[in-house]
Amino acid sequence: MQIQLSGHHVDITDAIRESVNTKFAKVSSHFPQLESLSVTLTVERASQSVEVTTQYLGAAVAVQAASHDMYAAIAQAAKKLEAALAHRKGSVKSNRHEKPQLEQEPIDEAS
C-alpha cells in the first residue's frame with residue numbers, strides 16, 4: 001500500500017513516518033483491496049490533527065482525528081479508518097444479494 005504523507009505546520013520526522021506506516025500497515029492487512037492513502041498531519045495552537053482519505057470499493061472514505069499528542073491522533077485516525085472501511089465493506093456486501101419480496105394478501109372489504 002502506498003501512503004502519501006504531508007504536513008501542515010509540521011516537519012515529518014522519521015519517527016512520525018514510522019508511526020504512520022506501522023499503524024496503517026495493520027489497516028492494510030485487514031483490507032487488502034486498499035491501494036493508497038493520503039495522510040495529512042496538521043499542528044495548530046491547541047491541537048494536532050490527522051486527516052486520512054482514500055478510495056475504497058468505489059467510494060471516497062475520509063476520517064479525521066485530533067489530540068494534544070500527534071502519535072495519539074495517528075492511532076485514533078487508524079482506528080477510525082478501520083471502522084469506516086468495515087462499514088463500507090458491509091454496505092457493499094449487503095447490496096450484493098437480492099432481498100426477498102414480501103407477498104401481501106389482498107384485503108377483502110366485503111367482510
# chains A, B, ... in the order shown; residues from 1 in each chain; ligands from 1

$ residues_around --residues "range 13-21 of chain A" --least-positions-apart "3" --cutoff "7 Å" --atoms "only C-alpha atoms" --output "ChimeraX atom specification"
/A:24-25,74

$ write_last_selection --atoms "N, CA, C and O atoms" --output "short mmCIF file (atom, residue, chain, number, x, y, z; two decimals), in the first residue's frame"
data_model
loop_
_atom_site.label_atom_id
_atom_site.label_comp_id
_atom_site.auth_asym_id
_atom_site.auth_seq_id
_atom_site.Cartn_x
_atom_site.Cartn_y
_atom_site.Cartn_z
N PHE A 24 -0.96 2.17 9.92
CA PHE A 24 -1.79 1.95 8.74
C PHE A 24 -1.44 0.65 8.01
O PHE A 24 -2.20 0.20 7.17
N ALA A 25 -0.29 0.03 8.33
CA ALA A 25 0.02 -1.30 7.79
C ALA A 25 -0.96 -2.33 8.36
O ALA A 25 -1.34 -3.28 7.67
N ILE A 74 -2.63 9.91 15.46
CA ILE A 74 -2.38 8.93 14.40
C ILE A 74 -3.07 7.61 14.74
O ILE A 74 -3.72 7.00 13.89
#

$ residues_around --residues "Thr53 in chain A" --least-positions-apart "5" --cutoff "8 Å" --atoms "only C-alpha atoms" --output "PyMOL selection string"
chain A and resi 37-39+60-63

$ closest_residue --among "A:Gln4, A:Ser47, A:Ser36, A:Thr22" --to "Ala78 in chain A" --atoms "only C-alpha atoms"
A:Thr22

$ closest_residue --among "A:Arg45, A:His30, A:His68, A:His8" --to "Lys89 in chain A" --atoms "only C-alpha atoms"
A:His30

$ select_by_dssp --residues "range 18-94 of chain A" --states "helix (DSSP H, G or I)" --output "ChimeraX atom specification"
/A:18-30,70-94

$ residues_around --residues "Gly7 in chain A" --least-positions-apart "2" --cutoff "6 Å" --atoms "only C-alpha atoms" --output "ChimeraX atom specification"
/A:10,40-42

$ closest_residue --among "A:Ala65, A:Leu85, A:Ala59, A:Met70" --to "Val43 in chain A" --atoms "only C-alpha atoms"
A:Met70

$ residues_around --residues "Val27 in chain A" --least-positions-apart "6" --cutoff "9 Å" --atoms "only C-alpha atoms" --output "PyMOL selection string"
chain A and resi 34+78-79+81-82

$ write_last_selection --atoms "N, CA and C atoms" --output "mmCIF file, in the first residue's frame"
data_model
loop_
_atom_site.group_PDB
_atom_site.id
_atom_site.type_symbol
_atom_site.label_atom_id
_atom_site.label_comp_id
_atom_site.auth_asym_id
_atom_site.auth_seq_id
_atom_site.Cartn_x
_atom_site.Cartn_y
_atom_site.Cartn_z
ATOM 1 N N LEU A 34 -7.200 -2.128 -0.452
ATOM 2 C CA LEU A 34 -6.793 -0.751 -0.241
ATOM 3 C C LEU A 34 -5.449 -0.514 -0.925
ATOM 4 N N ALA A 78 -6.190 5.821 12.633
ATOM 5 C CA ALA A 78 -6.111 4.456 12.121
ATOM 6 C C ALA A 78 -7.318 3.636 12.581
ATOM 7 N N LYS A 79 -7.708 3.806 13.829
ATOM 8 C CA LYS A 79 -8.873 3.088 14.364
ATOM 9 C C LYS A 79 -10.160 3.532 13.662
ATOM 10 N N LEU A 81 -10.375 4.864 10.660
ATOM 11 C CA LEU A 81 -10.323 4.428 9.264
ATOM 12 C C LEU A 81 -10.727 2.962 9.150
ATOM 13 N N GLU A 82 -10.249 2.144 10.067
ATOM 14 C CA GLU A 82 -10.615 0.729 10.034
ATOM 15 C C GLU A 82 -12.121 0.550 10.211
#

$ atom_distance --atom1 "CA of Glu44 in chain A" --atom2 "CA of Ala66 in chain A"
10.2 Å
